[in-house]
$ cat query_19.pdb   # PDB, C-alpha atoms
MODEL        1
ATOM      1  CA  MET A 280      40.237 -89.033 -49.798
ATOM      2  CA  LYS A 281      38.993 -90.610 -53.006
ATOM      3  CA  VAL A 282      40.973 -93.093 -55.067
ATOM      4  CA  ILE A 283      41.002 -92.595 -58.825
ATOM      5  CA  SER A 284      42.637 -94.469 -61.667
ATOM      6  CA  ILE A 285      44.471 -92.745 -64.487
ATOM      7  CA  ARG A 286      46.079 -94.093 -67.621
ATOM      8  CA  ILE A 287      49.434 -92.783 -68.749
ATOM      9  CA  SER A 288      51.660 -93.881 -71.583
ATOM     10  CA  ASP A 289      54.736 -96.007 -70.992
ATOM     11  CA  GLN A 290      56.876 -92.974 -71.817
ATOM     12  CA  GLU A 291      55.043 -90.784 -69.259
ATOM     13  CA  TYR A 292      55.326 -93.559 -66.662
ATOM     14  CA  ASP A 293      59.076 -93.864 -67.239
ATOM     15  CA  GLN A 294      59.474 -90.091 -67.080
ATOM     16  CA  LEU A 295      57.653 -89.917 -63.730
ATOM     17  CA  LYS A 296      59.527 -92.943 -62.420
ATOM     18  CA  ASN A 297      62.957 -91.675 -63.427
ATOM     19  CA  ASP A 298      62.744 -87.958 -62.675
ATOM     20  CA  GLY A 299      65.324 -88.229 -59.907
ATOM     21  CA  GLN A 300      62.933 -87.956 -56.980
ATOM     22  CA  ALA A 301      62.427 -90.800 -54.553
ATOM     23  CA  ALA A 302      58.648 -90.393 -54.211
ATOM     24  CA  LYS A 303      56.291 -93.072 -55.508
ATOM     25  CA  ILE A 304      54.575 -92.460 -58.817
ATOM     26  CA  ALA A 305      51.171 -92.105 -57.124
ATOM     27  CA  THR A 306      52.594 -89.397 -54.862
ATOM     28  CA  LYS A 307      54.146 -87.585 -57.824
ATOM     29  CA  ALA A 308      50.886 -87.754 -59.783
ATOM     30  CA  GLN A 309      48.944 -86.434 -56.788
ATOM     31  CA  LYS A 310      51.387 -83.516 -56.461
ATOM     32  CA  ILE A 311      51.055 -82.686 -60.169
ATOM     33  CA  ILE A 312      47.247 -82.659 -59.888
ATOM     34  CA  THR A 313      47.317 -80.615 -56.668
ATOM     35  CA  ASP A 314      49.719 -78.060 -58.175
ATOM     36  CA  HIS A 315      47.509 -77.788 -61.256
ATOM     37  CA  LEU A 316      44.398 -77.148 -59.160
ATOM     38  CA  LYS A 317      46.220 -74.570 -57.047
ATOM     39  CA  SER A 318      47.336 -72.693 -60.161
ATOM     40  CA  LYS A 319      43.698 -72.514 -61.271
ATOM     41  CA  TYR A 320      43.298 -69.119 -59.593
ATOM     42  CA  ASP A 321      45.048 -67.518 -62.606
ATOM     43  CA  LYS A 322      42.165 -68.447 -64.884
ATOM     44  CA  ASP A 323      39.310 -68.093 -62.410
ATOM     45  CA  HIS A 324      40.364 -64.630 -61.278
ATOM     46  CA  GLN A 325      41.401 -63.383 -64.714
ATOM     47  CA  TRP A 326      44.959 -62.468 -63.770
ATOM     48  CA  MET A 327      46.945 -61.407 -66.771
ATOM     49  CA  SER A 328      50.566 -62.017 -67.480
ATOM     50  CA  VAL A 329      52.682 -59.266 -68.922
ATOM     51  CA  PRO A 330      56.078 -59.573 -70.574
ATOM     52  CA  ARG A 331      58.886 -59.310 -68.019
ATOM     53  CA  ASN A 332      60.291 -56.137 -69.672
ATOM     54  CA  LEU A 333      56.924 -54.410 -69.377
ATOM     55  CA  GLY A 334      56.564 -55.502 -65.749
ATOM     56  CA  GLU A 335      60.043 -54.166 -64.963
ATOM     57  CA  PHE A 336      59.168 -50.845 -66.612
ATOM     58  CA  LEU A 337      55.823 -50.506 -64.811
ATOM     59  CA  PHE A 338      57.197 -51.420 -61.383
ATOM     60  CA  SER A 339      60.247 -49.159 -61.795
ATOM     61  CA  SER A 340      57.965 -46.106 -61.961
ATOM     62  CA  MET A 341      56.366 -46.800 -58.566
ATOM     63  CA  ASP A 342      57.059 -44.530 -55.623
ATOM     64  CA  GLU A 343      56.223 -45.431 -51.995
ATOM     65  CA  LYS A 344      52.604 -44.237 -52.349
ATOM     66  CA  LYS A 345      52.023 -46.302 -55.496
ATOM     67  CA  ILE A 346      53.669 -49.339 -53.884
ATOM     68  CA  SER A 347      51.276 -49.006 -50.949
ATOM     69  CA  GLN A 348      48.270 -48.629 -53.278
ATOM     70  CA  TYR A 349      49.387 -51.657 -55.287
ATOM     71  CA  CYS A 350      49.710 -53.685 -52.080
ATOM     72  CA  GLU A 351      46.115 -52.738 -51.173
ATOM     73  CA  LEU A 352      44.868 -53.976 -54.561
ATOM     74  CA  LEU A 353      46.961 -57.106 -54.255
ATOM     75  CA  HIS A 354      45.570 -57.738 -50.773
ATOM     76  CA  GLU A 355      41.998 -57.481 -52.103
ATOM     77  CA  GLU A 356      42.768 -60.016 -54.831
ATOM     78  CA  ILE A 357      44.520 -62.429 -52.482
ATOM     79  CA  THR A 358      41.571 -62.198 -50.106
ATOM     80  CA  LYS A 359      39.199 -63.080 -52.973
ATOM     81  CA  ILE A 360      41.389 -66.002 -53.983
ATOM     82  CA  ASN A 361      41.544 -67.179 -50.389
ATOM     83  CA  HIS A 362      37.749 -67.061 -49.998
ATOM     84  CA  THR A 363      36.913 -68.632 -53.360
ATOM     85  CA  GLU A 364      39.717 -71.118 -53.975
ATOM     86  CA  PHE A 365      41.258 -71.927 -50.597
ATOM     87  CA  PRO A 366      38.760 -71.159 -47.809
ATOM     88  CA  GLU A 367      40.334 -73.857 -45.627
ATOM     89  CA  GLN A 368      43.637 -71.953 -45.598
ATOM     90  CA  THR A 369      44.688 -68.804 -43.781
ATOM     91  CA  LEU A 370      45.555 -65.662 -45.739
ATOM     92  CA  TRP A 371      49.171 -66.331 -44.724
ATOM     93  CA  ASP A 372      49.088 -69.800 -46.337
ATOM     94  CA  THR A 373      47.427 -68.458 -49.483
ATOM     95  CA  TRP A 374      50.013 -65.656 -49.729
ATOM     96  CA  ILE A 375      52.914 -68.113 -49.315
ATOM     97  CA  MET A 376      51.501 -70.353 -52.055
ATOM     98  CA  ILE A 377      50.864 -67.469 -54.476
ATOM     99  CA  ASP A 378      54.268 -65.910 -53.819
ATOM    100  CA  ARG A 379      55.998 -69.239 -54.541
ATOM    101  CA  ASP A 380      53.860 -69.833 -57.629
ATOM    102  CA  TRP A 381      54.425 -66.370 -59.129
ATOM    103  CA  ASN A 382      58.146 -66.481 -58.575
ATOM    104  CA  GLN A 383      58.444 -69.927 -60.120
ATOM    105  CA  LYS A 384      56.421 -68.775 -63.141
ATOM    106  CA  ILE A 385      58.653 -65.781 -63.813
ATOM    107  CA  GLY A 386      61.836 -67.774 -63.289
ATOM    108  CA  SER A 387      63.089 -66.150 -60.096
ATOM    109  CA  LEU A 388      65.523 -67.995 -57.877
ATOM    110  CA  TYR A 389      63.225 -68.863 -54.968
ATOM    111  CA  SER A 390      63.832 -70.836 -51.810
ATOM    112  CA  CYS A 391      62.040 -71.104 -48.481
ATOM    113  CA  LYS A 392      63.774 -73.675 -46.301
ATOM    114  CA  LYS A 393      63.360 -74.619 -42.662
ATOM    115  CA  VAL A 394      66.510 -73.950 -40.646
ATOM    116  CA  GLY A 395      66.104 -74.851 -36.975
ATOM    117  CA  ASP A 396      63.078 -72.989 -35.601
ATOM    118  CA  HIS A 397      62.764 -70.551 -38.526
ATOM    119  CA  TYR A 398      62.520 -70.430 -42.304
ATOM    120  CA  HIS A 399      65.142 -68.874 -44.537
ATOM    121  CA  TYR A 400      63.332 -67.107 -47.396
ATOM    122  CA  PHE A 401      65.460 -66.202 -50.404
ATOM    123  CA  LEU A 402      64.138 -64.555 -53.561
ATOM    124  CA  GLU A 403      66.379 -63.331 -56.348
ATOM    125  CA  HIS A 404      64.158 -61.682 -58.957
ATOM    126  CA  LYS A 405      66.697 -59.297 -60.588
ATOM    127  CA  THR A 406      63.973 -56.778 -61.368
ATOM    128  CA  ASN A 407      63.923 -53.623 -59.242
ATOM    129  CA  ILE A 408      63.544 -52.472 -55.674
ATOM    130  CA  ALA A 409      59.768 -51.920 -55.998
ATOM    131  CA  ILE A 410      59.281 -55.685 -56.382
ATOM    132  CA  SER A 411      61.255 -56.391 -53.203
ATOM    133  CA  LYS A 412      59.316 -53.701 -51.320
ATOM    134  CA  ILE A 413      55.932 -55.006 -52.498
ATOM    135  CA  ILE A 414      56.711 -58.578 -51.534
ATOM    136  CA  TYR A 415      58.100 -57.479 -48.175
ATOM    137  CA  GLN A 416      55.009 -55.338 -47.451
ATOM    138  CA  MET A 417      52.767 -58.287 -48.267
ATOM    139  CA  PHE A 418      54.751 -60.531 -45.923
ATOM    140  CA  VAL A 419      54.462 -57.918 -43.167
ATOM    141  CA  ARG A 420      50.711 -57.645 -43.766
ATOM    142  CA  TYR A 421      50.088 -61.398 -43.494
ATOM    143  CA  ALA A 422      52.646 -62.171 -40.784
ATOM    144  CA  LYS A 423      50.647 -60.486 -38.014
ATOM    145  CA  ASN A 424      49.953 -63.101 -35.305
ATOM    146  CA  VAL A 425      51.468 -65.789 -37.552
ATOM    147  CA  ALA A 426      55.196 -65.159 -37.813
ATOM    148  CA  LYS A 427      57.988 -62.807 -36.857
ATOM    149  CA  LEU A 428      59.912 -61.385 -39.814
ATOM    150  CA  GLU A 429      63.495 -60.282 -39.849
ATOM    151  CA  LYS A 430      64.620 -58.476 -42.992
ATOM    152  CA  ILE A 431      68.115 -59.617 -43.926
ATOM    153  CA  GLN A 432      68.401 -58.054 -47.388
ATOM    154  CA  LEU A 433      66.063 -55.959 -49.521
ATOM    155  CA  ASP A 434      67.346 -54.425 -52.743
ATOM    156  CA  GLY A 435      66.669 -54.270 -56.468
ATOM    157  CA  ASN A 436      67.823 -57.834 -57.019
ATOM    158  CA  LYS A 437      66.640 -59.808 -54.043
ATOM    159  CA  LEU A 438      64.721 -60.150 -50.824
ATOM    160  CA  VAL A 439      66.042 -62.304 -47.990
ATOM    161  CA  LEU A 440      64.018 -62.866 -44.812
ATOM    162  CA  LYS A 441      64.198 -64.881 -41.637
ATOM    163  CA  ILE A 442      60.655 -66.049 -40.851
ATOM    164  CA  THR A 443      60.002 -67.432 -37.383
ATOM    165  CA  PRO A 444      56.522 -68.905 -36.812
ATOM    166  CA  GLU A 445      54.709 -67.378 -33.821
ATOM    167  CA  SER A 446      54.518 -70.802 -32.170
ATOM    168  CA  CYS A 447      58.326 -70.750 -31.945
ATOM    169  CA  THR A 448      58.536 -67.156 -30.669
ATOM    170  CA  SER A 449      55.875 -67.755 -28.016
ATOM    171  CA  LYS A 450      57.776 -70.823 -26.779
ATOM    172  CA  HIS A 451      60.834 -68.646 -26.237
ATOM    173  CA  LYS A 452      58.781 -65.946 -24.483
ATOM    174  CA  ASN A 453      57.267 -68.485 -22.075
ATOM    175  CA  ALA A 454      60.557 -70.259 -21.364
TER
ENDMDL
END
$ encode --input "query_19.pdb" --output "structure tokens"
Amino acid sequence: MKVISIRISDQEYDQLKNDGQAAKIATKAQKIITDHLKSKYDKDHQWMSVPRNLGEFLFSSMDEKKISQYCELLHEEITKINHTEFPEQTLWDTWIMIDRDWNQKIGSLYSCKKVGDHYHYFLEHKTNIAISKIIYQMFVRYAKNVAKLEKIQLDGNKLVLKITPESCTSKHKNA
């Protein structure tokens, strides 16, 4: 790890210091820089944003075949991003990061919290069922040999999953 120095204004320092989180300013600054670099894939891979209303309209016209085709295209793009931006990560890790990033950008209610030996994934996007199906299919695709998925809710408003890492499921199998 390299150490760098940055200069910030007194106002920026106070804002970082008083943002309600207990982390040190250096840790907060490092997280901001890391998050910025991780979001770089938008520019480098020429992803385009569309207005939410247009996205809702386009996704609402998708049948199961089109959802599957879209997932194939999405998989190709995520694979490119993984190889070019995050080669040290697995496709699963890259998918998790991109899913979180996209949902934060569009203002969805997103949470993925550890509960015991599994993660509780909650996404409320309030768009349409195609979105939930696409995200679920992508999770299924990347979960192979990584995690066990249990679908709790999948509808036009939200997707709720129980994600158990394979290391936890194999412990139970061997017990």
$ closest_residue --input "query_19.pdb" --among "A:Gln368, A:Asn361, A:Ser347, A:Gln383" --to "A:Ile414" --atoms "only C-alpha atoms"
A:Ser347
$ atom_distance --input "query_19.pdb" --atom1 "atom CA of A:Lys441" --atom2 "atom CA of A:Lys427"
8.1 Å
$ closest_residue --input "query_19.pdb" --among "A:Pro444, A:Phe401, A:Gln416, A:Asp289" --to "A:Gln432" --atoms "all atoms listed in the file"
A:Phe401
$ residues_around --input "query_19.pdb" --residues "stretch 330-346 of chain A" --least-positions-apart "6" --cutoff "9 Å" --atoms "only C-alpha atoms" --output "ChimeraX atom specification"
/A:385,406-410,412-413,416
$ resolve_selection --input "query_19.pdb" --expression "the PyMOL selection byres ((chain A and resi 377-379) around 9)" --output "list in words"
Lys317, Ser318, Ile357, Asp372, Thr373, Trp374, Ile375, Met376, Asp380, Trp381, Asn382, Gln383, Lys384, Tyr389, Ser390, Cys391 and Ile414 of chain A
$ closest_residue --input "query_19.pdb" --among "A:Leu353, A:Leu370, A:Val439, A:Val394" --to "A:Lys423" --atoms "all atoms listed in the file"
A:Leu370
$ closest_residue --input "query_19.pdb" --among "A:Lys359, A:Leu433, A:Leu295, A:Glu403" --to "A:Tyr415" --atoms "only C-alpha atoms"
A:Leu433
$ resolve_selection --input "query_19.pdb" --expression "the PyMOL selection byres ((chain A and resi 443) around 10)" --output "VMD selection string"
chain A and resid 393 to 399 422 425 to 429 440 to 442 444 to 448
$ atom_distance --input "query_19.pdb" --atom1 "atom CA of A:Leu402" --atom2 "atom CA of A:Leu388"
5.7 Å
$ residues_around --input "query_19.pdb" --residues "A:Lys405" --least-positions-apart "4" --cutoff "7 Å" --atoms "only C-alpha atoms" --output "number ranges by chain"
A: 435-437
$ atom_distance --input "query_19.pdb" --atom1 "atom CA of A:His404" --atom2 "atom CA of A:Thr369"
25.7 Å
$ resolve_selection --input "query_19.pdb" --expression "the PyMOL selection byres ((chain A and resi 285) around 10)" --output "number ranges by chain"
A: 283-284, 286-287, 305, 308
$ build_atoms --input "query_19.pdb" --residues "stretch 418-429 of chain A" --atoms "all heavy atoms" --output "compact mmCIF listing (two decimals), in the coordinates of the input"
# COMPACT_ATOMS: atom_id res chain seq x y z
N PHE A 418 54.36 -59.64 -47.03
CA PHE A 418 54.75 -60.53 -45.92
C PHE A 418 54.42 -59.90 -44.58
O PHE A 418 53.88 -60.55 -43.69
CB PHE A 418 56.25 -60.87 -45.99
CG PHE A 418 56.54 -62.14 -46.72
CD1 PHE A 418 57.01 -62.11 -48.03
CD2 PHE A 418 56.37 -63.37 -46.12
CE1 PHE A 418 57.29 -63.28 -48.71
CE2 PHE A 418 56.63 -64.55 -46.79
CZ PHE A 418 57.10 -64.51 -48.09
N VAL A 419 54.75 -58.62 -44.43
CA VAL A 419 54.46 -57.92 -43.17
C VAL A 419 52.96 -57.93 -42.89
O VAL A 419 52.52 -58.21 -41.77
CB VAL A 419 55.01 -56.47 -43.20
CG1 VAL A 419 54.48 -55.65 -42.05
CG2 VAL A 419 56.54 -56.48 -43.21
N ARG A 420 52.17 -57.68 -43.91
CA ARG A 420 50.71 -57.64 -43.77
C ARG A 420 50.16 -58.98 -43.26
O ARG A 420 49.33 -59.02 -42.37
CB ARG A 420 50.08 -57.31 -45.12
CG ARG A 420 48.58 -57.28 -45.13
CD ARG A 420 48.06 -56.97 -46.52
NE ARG A 420 48.55 -55.71 -47.00
CZ ARG A 420 47.81 -54.61 -47.10
NH1 ARG A 420 46.54 -54.64 -46.78
NH2 ARG A 420 48.34 -53.49 -47.55
N TYR A 421 50.65 -60.09 -43.82
CA TYR A 421 50.09 -61.40 -43.49
C TYR A 421 50.78 -62.07 -42.32
O TYR A 421 50.27 -63.06 -41.81
CB TYR A 421 50.11 -62.31 -44.72
CG TYR A 421 49.21 -61.78 -45.81
CD1 TYR A 421 49.69 -61.54 -47.09
CD2 TYR A 421 47.87 -61.50 -45.55
CE1 TYR A 421 48.87 -61.04 -48.07
CE2 TYR A 421 47.06 -60.99 -46.53
CZ TYR A 421 47.55 -60.77 -47.80
OH TYR A 421 46.75 -60.26 -48.77
N ALA A 422 51.90 -61.54 -41.87
CA ALA A 422 52.65 -62.17 -40.78
C ALA A 422 52.06 -61.87 -39.41
O ALA A 422 52.37 -62.57 -38.45
CB ALA A 422 54.10 -61.73 -40.82
N LYS A 423 51.21 -60.85 -39.31
CA LYS A 423 50.65 -60.49 -38.01
C LYS A 423 50.01 -61.70 -37.35
O LYS A 423 49.17 -62.37 -37.93
CB LYS A 423 49.62 -59.37 -38.18
CG LYS A 423 50.25 -58.05 -38.55
CD LYS A 423 49.20 -56.96 -38.69
CE LYS A 423 49.88 -55.66 -39.02
NZ LYS A 423 49.53 -55.14 -40.30
N ASN A 424 50.43 -61.98 -36.12
CA ASN A 424 49.95 -63.10 -35.30
C ASN A 424 50.27 -64.47 -35.90
O ASN A 424 49.72 -65.47 -35.46
CB ASN A 424 48.44 -62.99 -35.04
CG ASN A 424 48.09 -61.71 -34.34
OD1 ASN A 424 48.80 -61.27 -33.44
ND2 ASN A 424 47.00 -61.09 -34.76
N VAL A 425 51.11 -64.52 -36.92
CA VAL A 425 51.47 -65.79 -37.55
C VAL A 425 52.97 -66.04 -37.47
O VAL A 425 53.40 -67.13 -37.15
CB VAL A 425 51.00 -65.82 -39.04
CG1 VAL A 425 51.46 -67.09 -39.72
CG2 VAL A 425 49.50 -65.66 -39.14
N ALA A 426 53.74 -64.99 -37.77
CA ALA A 426 55.20 -65.16 -37.81
C ALA A 426 55.90 -63.84 -37.52
O ALA A 426 55.35 -62.77 -37.73
CB ALA A 426 55.62 -65.67 -39.19
N LYS A 427 57.12 -63.96 -37.06
CA LYS A 427 57.99 -62.81 -36.86
C LYS A 427 58.92 -62.75 -38.06
O LYS A 427 59.50 -63.77 -38.45
CB LYS A 427 58.78 -62.97 -35.57
CG LYS A 427 59.75 -61.84 -35.31
CD LYS A 427 60.56 -62.12 -34.05
CE LYS A 427 61.69 -61.11 -33.99
NZ LYS A 427 62.91 -61.68 -33.51
N LEU A 428 59.05 -61.56 -38.65
CA LEU A 428 59.91 -61.38 -39.81
C LEU A 428 61.16 -60.61 -39.44
O LEU A 428 61.08 -59.64 -38.69
CB LEU A 428 59.18 -60.60 -40.91
CG LEU A 428 57.92 -61.19 -41.48
CD1 LEU A 428 57.29 -60.23 -42.47
CD2 LEU A 428 58.18 -62.52 -42.14
N GLU A 429 62.26 -61.04 -39.98
CA GLU A 429 63.50 -60.28 -39.85
C GLU A 429 64.03 -60.07 -41.26
O GLU A 429 64.31 -61.03 -41.98
CB GLU A 429 64.51 -61.05 -39.00
CG GLU A 429 65.80 -60.32 -38.79
CD GLU A 429 66.80 -61.12 -37.97
OE1 GLU A 429 66.36 -61.95 -37.14
OE2 GLU A 429 68.01 -60.94 -38.18
